[in-house]
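Since the structure comes first, as structure tokens, the remarks are kept for the end.
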Amino acid sequence: MKKLFTCTLAALLCSVGGIVSAQQVKKLSVLTDSRGPAIPAAMWGIFFEDINFAADGGLYAELVKNRSFEFAKPMMAWKEITKDGGAGSTLIINRGETNANNPRFARVSVKKDKGSYGLANEGFRGMGVFKDKQYNFSILARQLSGNVKIHIEAVGANNEKLGETDLQGFKSDWGKYTASFTCKATDAKAHLNVYFENPGTVDIDMVSLFPQDTYKGRANGLRADLAEKLAALKPGFIRFPGGCIVEGRDLANRYQWKKTVGDIADRELIINRWNTEFANRSAPDYFQSYGLGFFEYFQLADDIGAEPLPILNCGMACQYNTAEVAPVDQTDTYIQDALDLVEFANGDVNTKWGGLRAAMGHPKPFNLKMMGVGNEQWDAQYVERYKLFAKVLKAKYPNIKLVTSSGPSPDGDKFDYLHAELTKEKADFLDEHYYQAPEWFLKNAQRYDNYDRSGPKIFAGEYAAHIKDTKNNDAEYKNTWISALAEAAFMTGLERNADVVQMASYAPLLAHVDAWQWRPDLIWFDNLRSVGTPNYYVQQIFSANKGTNVVPVKMDGAVVAGKDSIYSSASMDAATHQLIIKVVNTSSVAQSVQIDLQGKGKPQKVYSQITLSSTDKFAYNTLANPLKVSPQQGGGGIQAGKINTSLQPMSVNVYKVNY
């Protein structure tokens, strides 16, 4: 990631013209009869990466950590427990090639006929359980001797028993056994006790606990509140699985989609590349179980009405880490993975990979239209490998659009080289990333006004404004209001240039408050709750109010991109006959604005308004105060085709007019 810069609000304002007068009326002209570029349905989307415990411990609703004993330390997250004088032992057995994807299991022996011996699982910084909600326990087991019974308990942080159930009648062959219980209290830091009773020996694997209330009620499903927050963004696309997670620290630990589909018990766990990436935020218990795999990503996209945008490794590991590359003459495997993914997503049920999709419960194709080749790669080695991918994929699937890297930064030698080379190759999309200070976003609101309209389209694939909280002497970057405000100003420029910038997504998406590696992030959560940041609401405002075509909006005959600290874009929705005007005021004072609706059409006499604002540039939402900065509804009258309004200090405003 490129070096980040800090700045004060005064510096931001000076950079775009200084403090403005509250009395001077600013006049915006909206040319309602003009129809500019079409705004793609997939314009605003979401970027998912398994960072900050976003998958295991986050969106993936599994509550048991290291459920199959495959972590580097097989008993990590587990500890032996006894009660009432019980005794026993646990032996970890590795089957090796007999079951290469899931080689380990635990052999549990109960040594006394009284009391209990067991294993306790700590969960992901605890387990969040709710009062009166059902939880479903499952386990793979086989009985070797005796008549072992399993007693399952959810236990609260104060050791109160919250729910319990039993399992018995295990057979000598491996089988899946299930039971359920209802919790009598809510607890964010519960844990699971699995007790074994009666002398004998039993083998166990895939020890699992899921809430009954997953998103769409699916077994092996997603955490409902987080998935619902994603759906509420009304995203046009979802990019997955990353991000740097695609590359891996080395090629051996790169993301391989074929290992993430099929029976979850056969999915091969690997270390998460964010496990040790940052010494100050080390997470030695961070692995990828792939319970949330490519089928589940496609299914999520389907559920929330978003286009799937999978990103595949192109034979290059992270260039910030090992920078390993597969030899050019050995990239066939990587290219075949891409071809097979199209078949998995779109193929007939009689094909190998289309058949697997159908067997997993989705015979209907996922209608994949685009795919990313590599993540944040750069230099000649990337271009060389991209050409190989493009040649094969375009020959077999000419309608699949390919997203290509433009490097880790929005400018510089790497960026310029890739733009030039990939433009020569007539690439479909260039993926640009911007992790910068708010000042950069304000200054770059016109970045795409003069981009070559005949070149590749732009995917603003990762962006976030980073500023340190000097008010609270916090060295870490937070989701402060000034960062969201700057992003909104920048996004008016993206919308204005929808013929060039055809997709955009904030990054990263999710972060666990007790287990994050990177911030800021769009949505924060603990084991029970989640909160949308001010940045989340900015994304939602743009995505839910995008319209179908750009409509010009001018101030003094020019685009509105920073003069007097005002930024604006407008669109018309052909389906609803609604004009949508977005106006951002980055100054610290209120501003009087007149919006002149110029055109032959007859607007209705009233408008509705959405406002997102705060006078505290360092304000941010928390789990305890989730709506501190959140949209407010309003409206007013239209007189003689004009909206006379006052923009609150540091505010994002959406005006909607029916025609």
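Residues in the structure tokens are named by chain (A, B, ... in the order shown) and by number from 1 within that chain; ligands are numbered from 1 in the order shown.
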Margin query: Please return, as a PyMOL selection string, all residues of range 197-365 of chain A that DSSP assigns to alpha helix (DSSP H) on the basis of the backbone.
Written below: chain A and resi 224-232+294-304+332-346+352-359
Those selected residues, please, written with C-alpha atoms and delivered as a PDB file, in the first residue's frame.
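Writing done, so here's result.pdb:
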```pdb
ATOM      1  CA  ALA A 224     -27.444 -12.702   9.193  1.00  0.00           C
ATOM      2  CA  ASP A 225     -26.788  -9.150  10.436  1.00  0.00           C
ATOM      3  CA  LEU A 226     -23.592  -8.799   8.403  1.00  0.00           C
ATOM      4  CA  ALA A 227     -25.121 -10.202   5.219  1.00  0.00           C
ATOM      5  CA  GLU A 228     -28.123  -7.926   5.679  1.00  0.00           C
ATOM      6  CA  LYS A 229     -25.849  -4.909   5.932  1.00  0.00           C
ATOM      7  CA  LEU A 230     -24.230  -5.927   2.653  1.00  0.00           C
ATOM      8  CA  ALA A 231     -27.626  -6.307   1.004  1.00  0.00           C
ATOM      9  CA  ALA A 232     -28.698  -2.890   2.339  1.00  0.00           C
ATOM     10  CA  PHE A 294     -16.468 -19.736  -4.102  1.00  0.00           C
ATOM     11  CA  PHE A 295     -19.891 -21.391  -4.166  1.00  0.00           C
ATOM     12  CA  GLU A 296     -20.967 -19.352  -1.129  1.00  0.00           C
ATOM     13  CA  TYR A 297     -19.566 -16.151  -2.667  1.00  0.00           C
ATOM     14  CA  PHE A 298     -21.524 -16.742  -5.872  1.00  0.00           C
ATOM     15  CA  GLN A 299     -24.609 -17.594  -3.846  1.00  0.00           C
ATOM     16  CA  LEU A 300     -24.269 -14.388  -1.816  1.00  0.00           C
ATOM     17  CA  ALA A 301     -23.986 -12.350  -5.004  1.00  0.00           C
ATOM     18  CA  ASP A 302     -27.117 -14.070  -6.284  1.00  0.00           C
ATOM     19  CA  ASP A 303     -28.968 -13.407  -3.025  1.00  0.00           C
ATOM     20  CA  ILE A 304     -28.244  -9.675  -2.906  1.00  0.00           C
ATOM     21  CA  ASP A 332      -1.273 -23.475 -17.887  1.00  0.00           C
ATOM     22  CA  THR A 333      -2.578 -24.630 -14.496  1.00  0.00           C
ATOM     23  CA  TYR A 334      -3.514 -21.075 -13.536  1.00  0.00           C
ATOM     24  CA  ILE A 335      -5.208 -20.439 -16.876  1.00  0.00           C
ATOM     25  CA  GLN A 336      -7.079 -23.748 -16.658  1.00  0.00           C
ATOM     26  CA  ASP A 337      -8.365 -22.712 -13.237  1.00  0.00           C
ATOM     27  CA  ALA A 338      -9.851 -19.607 -14.880  1.00  0.00           C
ATOM     28  CA  LEU A 339     -11.463 -21.637 -17.676  1.00  0.00           C
ATOM     29  CA  ASP A 340     -12.866 -24.119 -15.188  1.00  0.00           C
ATOM     30  CA  LEU A 341     -14.263 -21.304 -13.047  1.00  0.00           C
ATOM     31  CA  VAL A 342     -16.331 -20.049 -15.971  1.00  0.00           C
ATOM     32  CA  GLU A 343     -17.646 -23.587 -16.383  1.00  0.00           C
ATOM     33  CA  PHE A 344     -18.400 -23.811 -12.664  1.00  0.00           C
ATOM     34  CA  ALA A 345     -20.316 -20.520 -12.761  1.00  0.00           C
ATOM     35  CA  ASN A 346     -22.035 -20.790 -16.125  1.00  0.00           C
ATOM     36  CA  LYS A 352     -17.735 -31.478 -14.783  1.00  0.00           C
ATOM     37  CA  TRP A 353     -17.752 -28.137 -12.975  1.00  0.00           C
ATOM     38  CA  GLY A 354     -21.308 -27.150 -13.841  1.00  0.00           C
ATOM     39  CA  GLY A 355     -22.327 -30.520 -12.448  1.00  0.00           C
ATOM     40  CA  LEU A 356     -20.552 -29.764  -9.188  1.00  0.00           C
ATOM     41  CA  ARG A 357     -22.395 -26.442  -8.928  1.00  0.00           C
ATOM     42  CA  ALA A 358     -25.672 -28.269  -9.430  1.00  0.00           C
ATOM     43  CA  ALA A 359     -24.730 -30.940  -6.882  1.00  0.00           C
TER      44      ALA A 359
END
```
Margin query: Using DSSP assignments from the backbone, pull out every residue in range 350-537 of chain A that falls under strand (DSSP E or B) and give it to me as a PyMOL selection string.
Written below: chain A and resi 370-373+401-405+429-436+457-465+468-469+474-477+501-506+510-512+523-525+530-532
Next item on the list: Do a neighbour search on Lys27 in chain A at 9 Å with only C-alpha atoms, toss out local chain neighbours closer than 5 positions, and write the hits as number ranges by chain.
Entry: A: 554-556, 592-596
Margin query: Env of range 77-93 of chain A: 6 Å cut, atoms = only C-alpha atoms, seq-sep filter 6 positions within chain, self excluded. Answer as a ChimeraX atom specification.
Written below: /A:104-112,114-122
Would you mind exporting N, CA and C atoms of the selected residues as a PDB file, in the first residue's frame?
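Output file out.pdb follows:
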```
ATOM      1  N   ARG A 104      -6.213 -34.469   9.659  1.00  0.00           N
ATOM      2  CA  ARG A 104      -6.198 -34.671  11.102  1.00  0.00           C
ATOM      3  C   ARG A 104      -7.595 -34.917  11.683  1.00  0.00           C
ATOM      4  N   PHE A 105      -7.621 -35.728  12.705  1.00  0.00           N
ATOM      5  CA  PHE A 105      -8.809 -35.864  13.544  1.00  0.00           C
ATOM      6  C   PHE A 105      -8.345 -36.121  14.970  1.00  0.00           C
ATOM      7  N   ALA A 106      -9.255 -36.040  15.926  1.00  0.00           N
ATOM      8  CA  ALA A 106      -8.923 -36.244  17.339  1.00  0.00           C
ATOM      9  C   ALA A 106      -9.484 -37.575  17.812  1.00  0.00           C
ATOM     10  N   ARG A 107      -8.665 -38.338  18.482  1.00  0.00           N
ATOM     11  CA  ARG A 107      -9.098 -39.591  19.103  1.00  0.00           C
ATOM     12  C   ARG A 107      -9.241 -39.339  20.606  1.00  0.00           C
ATOM     13  N   VAL A 108     -10.457 -39.419  21.087  1.00  0.00           N
ATOM     14  CA  VAL A 108     -10.769 -39.098  22.478  1.00  0.00           C
ATOM     15  C   VAL A 108     -11.054 -40.393  23.234  1.00  0.00           C
ATOM     16  N   SER A 109     -10.324 -40.584  24.319  1.00  0.00           N
ATOM     17  CA  SER A 109     -10.522 -41.778  25.158  1.00  0.00           C
ATOM     18  C   SER A 109     -11.002 -41.361  26.538  1.00  0.00           C
ATOM     19  N   VAL A 110     -12.099 -41.967  26.979  1.00  0.00           N
ATOM     20  CA  VAL A 110     -12.636 -41.730  28.329  1.00  0.00           C
ATOM     21  C   VAL A 110     -12.155 -42.874  29.221  1.00  0.00           C
ATOM     22  N   LYS A 111     -11.536 -42.518  30.332  1.00  0.00           N
ATOM     23  CA  LYS A 111     -10.853 -43.534  31.142  1.00  0.00           C
ATOM     24  C   LYS A 111     -11.581 -43.906  32.420  1.00  0.00           C
ATOM     25  N   LYS A 112     -12.638 -43.182  32.784  1.00  0.00           N
ATOM     26  CA  LYS A 112     -13.364 -43.497  34.018  1.00  0.00           C
ATOM     27  C   LYS A 112     -14.851 -43.606  33.734  1.00  0.00           C
ATOM     28  N   LYS A 114     -17.059 -42.653  35.831  1.00  0.00           N
ATOM     29  CA  LYS A 114     -17.728 -41.542  36.512  1.00  0.00           C
ATOM     30  C   LYS A 114     -17.148 -40.221  36.001  1.00  0.00           C
ATOM     31  N   GLY A 115     -17.954 -39.165  36.125  1.00  0.00           N
ATOM     32  CA  GLY A 115     -17.489 -37.859  35.690  1.00  0.00           C
ATOM     33  C   GLY A 115     -17.385 -37.759  34.171  1.00  0.00           C
ATOM     34  N   SER A 116     -16.777 -36.677  33.726  1.00  0.00           N
ATOM     35  CA  SER A 116     -16.672 -36.410  32.291  1.00  0.00           C
ATOM     36  C   SER A 116     -15.298 -35.861  31.952  1.00  0.00           C
ATOM     37  N   TYR A 117     -14.841 -36.195  30.777  1.00  0.00           N
ATOM     38  CA  TYR A 117     -13.624 -35.616  30.197  1.00  0.00           C
ATOM     39  C   TYR A 117     -14.045 -34.923  28.902  1.00  0.00           C
ATOM     40  N   GLY A 118     -13.447 -33.769  28.615  1.00  0.00           N
ATOM     41  CA  GLY A 118     -13.900 -33.083  27.409  1.00  0.00           C
ATOM     42  C   GLY A 118     -12.915 -32.100  26.839  1.00  0.00           C
ATOM     43  N   LEU A 119     -13.407 -31.407  25.809  1.00  0.00           N
ATOM     44  CA  LEU A 119     -12.656 -30.370  25.114  1.00  0.00           C
ATOM     45  C   LEU A 119     -13.514 -29.114  25.064  1.00  0.00           C
ATOM     46  N   ALA A 120     -12.886 -27.991  25.367  1.00  0.00           N
ATOM     47  CA  ALA A 120     -13.575 -26.700  25.305  1.00  0.00           C
ATOM     48  C   ALA A 120     -13.003 -25.892  24.150  1.00  0.00           C
ATOM     49  N   ASN A 121     -13.889 -25.240  23.393  1.00  0.00           N
ATOM     50  CA  ASN A 121     -13.467 -24.390  22.278  1.00  0.00           C
ATOM     51  C   ASN A 121     -13.789 -22.945  22.588  1.00  0.00           C
ATOM     52  N   GLU A 122     -12.800 -22.072  22.374  1.00  0.00           N
ATOM     53  CA  GLU A 122     -12.941 -20.671  22.758  1.00  0.00           C
ATOM     54  C   GLU A 122     -13.690 -19.826  21.739  1.00  0.00           C
TER      55      GLU A 122
END
```
Checklist line | Spatial neighbours of Glu49 in chain A, max dist 7 Å, only C-alpha atoms, sep filter under 6 positions, as a list in words | finding: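 Answer for this query is Phe240, Pro241, Gly242, Gly243, Ile245 and Pro508 of chain A.
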Next item on the list: Show which residues sit within 6 Å of range 143-158 of chain A, as a PyMOL selection string. Count only C-alpha atoms, and ignore same-chain residues fewer than 4 positions away.
Entry: chain A and resi 162-168+170-172+189-202
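In terms of minimum interatomic distance to Asn653 in chain A, A:Ala489 ranks closest within A:Ala489, A:Val501, A:Val513, A:Ala575, counting only C-alpha atoms.
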Note to self: My list of candidates is A:Pro631, A:Ala460, A:Ser614, A:Ser454. Which is closest to Gly532 in chain A when distances are computed with only C-alpha atoms?
What the structure shows: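 Checking each of A:Pro631, A:Ala460, A:Ser614, A:Ser454 against Gly532 in chain A, counting only C-alpha atoms, the winner is A:Pro631.
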Next item on the list: Between A:Thr611, A:Gln212, A:Ser289, A:Thr32, single out the one closest to Val657 in chain A, counting only C-alpha atoms.
Entry: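 Result for the nearest residue to Val657 in chain A: A:Thr32.
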Considering only C-alpha atoms, return as a compact mmCIF listing (two decimals) with C-alpha atoms, in the first residue's frame whatever protein or nucleic-acid residues lie within 10 Å of Ala54 in chain A, sequence-local ones (same chain, fewer than 5 positions apart) excluded.
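Everything below was put into out34.txt:
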```txt
# COMPACT_ATOMS: atom_id res chain seq x y z
CA PHE A 48 -14.72 -8.60 0.12
CA GLU A 49 -11.41 -9.82 1.48
CA LEU A 59 -19.49 -13.27 7.77
CA TYR A 60 -19.17 -17.07 7.92
CA LEU A 226 -23.59 -8.80 8.40
CA PRO A 508 -11.71 -3.23 3.18
CA LEU A 509 -15.29 -4.24 3.91
CA LEU A 510 -15.44 -5.90 7.36
CA ALA A 511 -13.49 -5.83 10.63
CA HIS A 512 -13.87 -7.55 14.00
CA ALA A 515 -9.30 -9.06 15.84
CA TRP A 516 -8.53 -6.51 13.12
CA ILE A 523 -18.44 -2.26 8.67
CA TRP A 524 -17.26 -3.10 12.20
CA PHE A 525 -18.64 -5.90 14.34
```
Check: In Å, how far is it from CA of Glu487 in chain A to CA of Gly407 in chain A?
Finding: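 Going from CA of Glu487 in chain A over to CA of Gly407 in chain A covers 20.6 Å.
Shortest atom-to-atom contact with Val550 in chain A among A:Val30, A:Lys471, A:Ser208, A:Gln134: A:Val30, counting only C-alpha atoms.
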